Amino acid sequence: MKVLSKAKLETALNKLNQGAEVFLPMQKAQESGFYSWKLFQQGQDELMLDALNVYLPPKHVVLPQTERMYSIKLEGQDMKIEQTFEDASPRVIFGARPCDIKAILCMDEVFLTRGYEDSFYKCRREAITIVANACYQPGPACFCNAMEVNPVEPAGADIIIRDAGEAYVWETKTPKGEALTSQIAEFLEEKSLALPVAQPFIQDVKYEGTAEKLKKMFADHIWAKLGEACHNCGICTYVCPSCYCFDIQVKMWGDEGYRFRCWDSCMYEEYSREAGGGNPRGDGIERFRNRFLHKLEFFKERYGTPLCTGCGRCIVACPAGINIVKIIDEIKEAELHA
Amino acid sequence: MKDISNKIRDIAVKLFQEKKIDIFIGWEKGALEFQTRPLIARNEADAAKLVFDEYAIHNLATLLLKFRDGGEKIGIVAKGCDSRSMVRLLEDRQFQRERLYIIGVGCPGMKDPLQAMAKHTGLKKINADGNGVAAKCLDCVQPNPVIYDELLGSQQAPQQSGERFARVAALEKMSADERYRFFEETLSKCIRCYACRQVCPACNCRTCIFDEMKPQWVGRENSTTDNMMYHLVKASHMAGRCVECGECERACPVDIPLMLLNQKLIKDVNAFFGPYEAGMSYIEGAKPPLSSYAEKDPDDFI
C-alpha cells in the first residue's frame, strides 16, 4: 500500500500548495476550522488532521459565505453586466471527515441536478479535489452511521487517507485523485501498515422511518415543545456542513455595483419574509420546524438521503442546548394524533 | 444545588396547583451530562423535570420576550444576571411586574455547557480551564438577585476581583491604529449568525435594524466593513442597557470578545452619565441614562 509519512506531510502540502489552494483542518488561536495552508503560521497554528473534526466545516470552500457573482453598470434605462466572477481556480480540501464530504455531496444534488445547474457552484466545484480522512474513532456527538454515511469508506472522495500512526495510508479513488497523487508521488512510499480498527459509535440513533413519519407530523403540537427554547439564531445553520440556503443581494454605489450571494438562514424572520410583507413562517416555531423537516424529511423525499450527516456540530454549538438526536428520538416516540 | 432544584420544583408545582401561573421557566437536564437547558414548563408534569445545577448558565430573561404580548402569568428562576435583565425589561415596559413570579437564587458562578461540550467532543480546543467557572461569570459584580418574590439559597460573593474592566483598560492603552487592527482581526472572524443578538435579553426591539430591508442599513456581506457595522451598531444600542450577563460572548461560535465593546460602553455610560449600573434595582418609571435627557448631559464629544 501507498503511505504518506506524517514527517513528510508539511513538505507535501507545500508542494500541493504550488498548484492549488489547500484547505485543511486547523486550530488558529481559539478557532478551529478549514483554513488555507497559505495562512498557516508555524509555531502558532496547529494542524488538526488527527483530531476528530473541527468546529467550522469546509462548506465555505464549495459555497463561500459571501460570493461575488457579477458586476453591473447602469446606462440610462439599461443595465450592463460588466464581469462575471465564476471561479475555477484549483482547490484541495485535505483531510475532511466523511460527514463533511457527504454534506458536499448533498449540495452537489441541489446545485447540479434535477434540471438546475448553478454555474457559479459548478465552476468552483469542478476544480475541487477532496482528500477524505476516514474516521475510526467516533466522538460523543457523532452519529454519521445513522445518516447514511460510511465513516471508513466515504463516498465522494478523490483520495482517502487512513491514519496508521506514523503515516497515512493513501488510497486514490478517482482520476482527479490520480492527478493529485502524481503531484506528490515523490513523497509517497510503498509500505505495509496495520489499518486502525473502527470503534463503535457512542450514540445509537435510529433515523430509519423518521422521514415517513414526519409526513404526518407537520401540524403536530410536538414542534412547540421541541422548539420553545430555540432563540432562532443561525448558529446551527452556519456551523452545519450541509445547510446551503443563500440570499442574493446587491451593492450599488451610484451607477455601479455588484451582485453577490451570501449564506442565509431559515432561522431568520427575514429569510421567509415576502416582498409584500407577509411571512409564511413568521413564528419562530415554524422556522424551527422547517429546519428539521428540511433536514430529516423534505430533502430525503426529493434526493433520497437526509440533509443531516451526523457530524454533531449543532449539538455542540446550540446556546439553548437543542439536540437533533433527541429530536429524532422524540419524533420516533411520538404518538400520532388523527 | 440539589436542594435548590427540589425547592424550585416544589414551588413550581405549588404555583401550578394554585393556578397562580400558566408557565414556569427554569432549566431541565439535556441528553448529555453538561447539557442543562432552558425549560418552559406548562404543567405539573413538566415542572417535575426542573433542575438547577452548575450548568444553569443561560439568561432566562431572554425567553420572557417570547411571551411579552400574551397575558400568561409566568414563574421564573433568576440568578443575579437574569434578575437584572428582568429589571431592564420592566423598565422598558416589555413586561408587567404582576405577570411575574420570580424565584431568586444566589449564583455561585456557573460552568459553561458550550465549553464543556466542545472540550468533550474534541471539536474545538478550549484553552480555559473547563472545570472552573465560566469566563463570563468571572466579571460578575451582582451574583444575587435584585428582584424576586421568593429567595432560595445563600447570598453569594461576586466573582469579579482585581481591577474592573481590566480588558477595556488594556484596549484603551492601544494607539488608534493598533485598536483598529485588533477589531479588524477579531471582527473579520464573525460569521454573522446573530446568536449574540438572539440570546441577548437587552435586544428587545420588535424590528431589528439588521433585519430591515427597506432601507437595508447594514449589508449582509461577510466582510470586515459589514461585520464592523453590525458590531458597532449593536454595541452602541447596548449602551446603558447591557447588564453584563455575557450571554453574547458565551454563545459566539467564533470567540469574538463581544463583552469588550459592551464593557467599554458600561464604563463610559457610568463615567459620563453615572453613577449608573444597568438593572440594579427596580424603581417604577426609572429610565436608563440614554433613554432620558438632561441639560447637564455631557456634549463636548459632539
# chains A, B, ... in the order shown; residues from 1 in each chain; ligands from 1
call {"tool": "closest_atom_pairs", "arguments": {"of": "chain B", "to": "chain A", "cutoff": "9 Å", "atoms": "only C-alpha atoms", "output": "JSON lines"}}
result
{"residue": "B:Gly30", "atom": "CA", "partner": "A:Gly321", "partner_atom": "CA", "distance": 6.9}
{"residue": "B:Ala31", "atom": "CA", "partner": "A:Lys326", "partner_atom": "CA", "distance": 6.9}
{"residue": "B:Gln35", "atom": "CA", "partner": "A:Gly321", "partner_atom": "CA", "distance": 6.0}
{"residue": "B:Thr36", "atom": "CA", "partner": "A:Gly321", "partner_atom": "CA", "distance": 7.0}
{"residue": "B:Arg37", "atom": "CA", "partner": "A:Gly321", "partner_atom": "CA", "distance": 5.3}
{"residue": "B:Pro38", "atom": "CA", "partner": "A:Ala229", "partner_atom": "CA", "distance": 6.1}
{"residue": "B:Leu39", "atom": "CA", "partner": "A:Ala229", "partner_atom": "CA", "distance": 6.7}
{"residue": "B:Ile40", "atom": "CA", "partner": "A:Glu228", "partner_atom": "CA", "distance": 7.1}
{"residue": "B:His58", "atom": "CA", "partner": "A:Ala320", "partner_atom": "CA", "distance": 7.7}
{"residue": "B:Thr62", "atom": "CA", "partner": "A:His231", "partner_atom": "CA", "distance": 8.6}
{"residue": "B:Leu63", "atom": "CA", "partner": "A:Ala229", "partner_atom": "CA", "distance": 7.3}
{"residue": "B:Lys66", "atom": "CA", "partner": "A:Glu228", "partner_atom": "CA", "distance": 8.9}
{"residue": "B:Pro113", "atom": "CA", "partner": "A:Gly321", "partner_atom": "CA", "distance": 8.4}
{"residue": "B:Leu114", "atom": "CA", "partner": "A:Ala317", "partner_atom": "CA", "distance": 6.4}
{"residue": "B:Gln115", "atom": "CA", "partner": "A:Val316", "partner_atom": "CA", "distance": 8.7}
{"residue": "B:Ala116", "atom": "CA", "partner": "A:Val316", "partner_atom": "CA", "distance": 9.0}
{"residue": "B:Met117", "atom": "CA", "partner": "A:Val316", "partner_atom": "CA", "distance": 5.5}
{"residue": "B:Ala118", "atom": "CA", "partner": "A:Val316", "partner_atom": "CA", "distance": 6.0}
{"residue": "B:His120", "atom": "CA", "partner": "A:Pro140", "partner_atom": "CA", "distance": 7.5}
{"residue": "B:Thr121", "atom": "CA", "partner": "A:Pro140", "partner_atom": "CA", "distance": 5.8}
{"residue": "B:Gly122", "atom": "CA", "partner": "A:Leu52", "partner_atom": "CA", "distance": 6.4}
{"residue": "B:Leu123", "atom": "CA", "partner": "A:Val54", "partner_atom": "CA", "distance": 4.7}
{"residue": "B:Lys124", "atom": "CA", "partner": "A:Tyr55", "partner_atom": "CA", "distance": 5.8}
{"residue": "B:Lys125", "atom": "CA", "partner": "A:Gln30", "partner_atom": "CA", "distance": 6.8}
{"residue": "B:Ile126", "atom": "CA", "partner": "A:Gln30", "partner_atom": "CA", "distance": 6.9}
{"residue": "B:Asn127", "atom": "CA", "partner": "A:Gln30", "partner_atom": "CA", "distance": 7.4}
{"residue": "B:Ile191", "atom": "CA", "partner": "A:Tyr238", "partner_atom": "CA", "distance": 7.4}
{"residue": "B:Arg192", "atom": "CA", "partner": "A:Gly234", "partner_atom": "CA", "distance": 8.1}
{"residue": "B:Cys193", "atom": "CA", "partner": "A:Gly234", "partner_atom": "CA", "distance": 4.5}
{"residue": "B:Tyr194", "atom": "CA", "partner": "A:Cys233", "partner_atom": "CA", "distance": 5.7}
{"residue": "B:Ala195", "atom": "CA", "partner": "A:Cys233", "partner_atom": "CA", "distance": 4.7}
{"residue": "B:Cys196", "atom": "CA", "partner": "A:Cys233", "partner_atom": "CA", "distance": 8.2}
{"residue": "B:Arg197", "atom": "CA", "partner": "A:Cys233", "partner_atom": "CA", "distance": 7.9}
{"residue": "B:Gln198", "atom": "CA", "partner": "A:Cys233", "partner_atom": "CA", "distance": 5.6}
{"residue": "B:Val199", "atom": "CA", "partner": "A:His231", "partner_atom": "CA", "distance": 6.4}
{"residue": "B:Asp211", "atom": "CA", "partner": "A:Glu270", "partner_atom": "CA", "distance": 6.0}
{"residue": "B:Glu212", "atom": "CA", "partner": "A:Glu270", "partner_atom": "CA", "distance": 8.0}
{"residue": "B:Met213", "atom": "CA", "partner": "A:Glu270", "partner_atom": "CA", "distance": 8.4}
{"residue": "B:Gly219", "atom": "CA", "partner": "A:Lys251", "partner_atom": "CA", "distance": 8.0}
{"residue": "B:Arg220", "atom": "CA", "partner": "A:Cys262", "partner_atom": "CA", "distance": 7.1}
{"residue": "B:Glu221", "atom": "CA", "partner": "A:Thr66", "partner_atom": "CA", "distance": 5.8}
{"residue": "B:Asn222", "atom": "CA", "partner": "A:Thr66", "partner_atom": "CA", "distance": 5.8}
{"residue": "B:Ser223", "atom": "CA", "partner": "A:Thr66", "partner_atom": "CA", "distance": 8.1}
{"residue": "B:Glu247", "atom": "CA", "partner": "A:Pro319", "partner_atom": "CA", "distance": 8.8}
{"residue": "B:Arg250", "atom": "CA", "partner": "A:Pro319", "partner_atom": "CA", "distance": 8.1}
{"residue": "B:Ala251", "atom": "CA", "partner": "A:Pro319", "partner_atom": "CA", "distance": 5.5}
{"residue": "B:Cys252", "atom": "CA", "partner": "A:Ile235", "partner_atom": "CA", "distance": 8.5}
{"residue": "B:Pro253", "atom": "CA", "partner": "A:Ala317", "partner_atom": "CA", "distance": 6.8}
{"residue": "B:Val254", "atom": "CA", "partner": "A:Glu31", "partner_atom": "CA", "distance": 6.2}
{"residue": "B:Asp255", "atom": "CA", "partner": "A:Gln30", "partner_atom": "CA", "distance": 6.9}
call {"tool": "select_by_dssp", "arguments": {"residues": "segment 88-161 of chain B", "states": "helix (DSSP H, G or I)", "output": "list in words"}}
result
Arg88, Leu89, Leu90, Glu91, Arg97, Glu98, Arg99, Pro113, Leu114, Gln115, Ala116, Met117, Ala118, Lys119, His120, Thr121, Ala135, Lys136, Cys137, Leu138 and Asp139 of chain B
call {"tool": "atom_distance", "arguments": {"atom1": "atom CA of Gly278 of chain A", "atom2": "atom CA of Trp223 of chain A"}}
result
21.9 Å
call {"tool": "closest_residue", "arguments": {"among": "A:Glu21, A:Leu4, A:Val62, A:Glu75", "to": "Asp255 of chain A", "atoms": "only C-alpha atoms"}}
result
A:Glu75
call {"tool": "residues_around", "arguments": {"residues": "Thr305 of chain A", "least_positions_apart": "6", "cutoff": "8 Å", "atoms": "only C-alpha atoms", "output": "PyMOL selection string"}}
result
chain A and resi 147-148+299
call {"tool": "atom_distance", "arguments": {"atom1": "atom CA of Ser154 of chain B", "atom2": "atom CA of Leu138 of chain B"}}
result
19.0 Å
call {"tool": "atom_distance", "arguments": {"atom1": "atom CA of Tyr55 of chain B", "atom2": "atom CA of Ile11 of chain B"}}
result
20.7 Å
call {"tool": "residues_around", "arguments": {"residues": "Met259 of chain B", "least_positions_apart": "6", "cutoff": "9 Å", "atoms": "only C-alpha atoms", "output": "PyMOL selection string"}}
result
chain B and resi 136+244+246+248-249
call {"tool": "residues_around", "arguments": {"residues": "Leu151 of chain B", "least_positions_apart": "6", "cutoff": "6 Å", "atoms": "only C-alpha atoms", "output": "number ranges by chain"}}
result
B: 103-105
call {"tool": "residues_around", "arguments": {"residues": "Asp139 of chain B", "least_positions_apart": "5", "cutoff": "10 Å", "atoms": "only C-alpha atoms", "output": "ChimeraX atom specification"}}
result
/B:134,158-162,164-166,244-246,259,263
call {"tool": "select_by_dssp", "arguments": {"residues": "segment 134-338 of chain A", "states": "strand (DSSP E or B)", "output": "PyMOL selection string"}}
result
chain A and resi 159-163+167-172+188-190+246-253+256-263
call {"tool": "residues_around", "arguments": {"residues": "Gln17 of chain B", "least_positions_apart": "5", "cutoff": "9 Å", "atoms": "only C-alpha atoms", "output": "NGL selection string"}}
result
:B and (12 or 43-44)
call {"tool": "write_last_selection", "arguments": {"atoms": "N, CA, C and O atoms", "output": "PDB file, in the first residue's frame"}}
result
ATOM      1  N   ALA B  12     -42.722  25.411  41.893  1.00  0.00           N
ATOM      2  CA  ALA B  12     -43.378  25.434  40.579  1.00  0.00           C
ATOM      3  C   ALA B  12     -44.649  24.599  40.604  1.00  0.00           C
ATOM      4  O   ALA B  12     -45.704  25.030  40.131  1.00  0.00           O
ATOM      5  N   ASN B  43     -47.125  22.649  32.841  1.00  0.00           N
ATOM      6  CA  ASN B  43     -47.971  21.938  33.792  1.00  0.00           C
ATOM      7  C   ASN B  43     -47.103  21.266  34.854  1.00  0.00           C
ATOM      8  O   ASN B  43     -45.873  21.338  34.788  1.00  0.00           O
ATOM      9  N   GLU B  44     -47.751  20.616  35.782  1.00  0.00           N
ATOM     10  CA  GLU B  44     -47.031  19.982  36.894  1.00  0.00           C
ATOM     11  C   GLU B  44     -46.074  18.900  36.405  1.00  0.00           C
ATOM     12  O   GLU B  44     -44.979  18.758  36.943  1.00  0.00           O
TER      13      GLU B  44
END
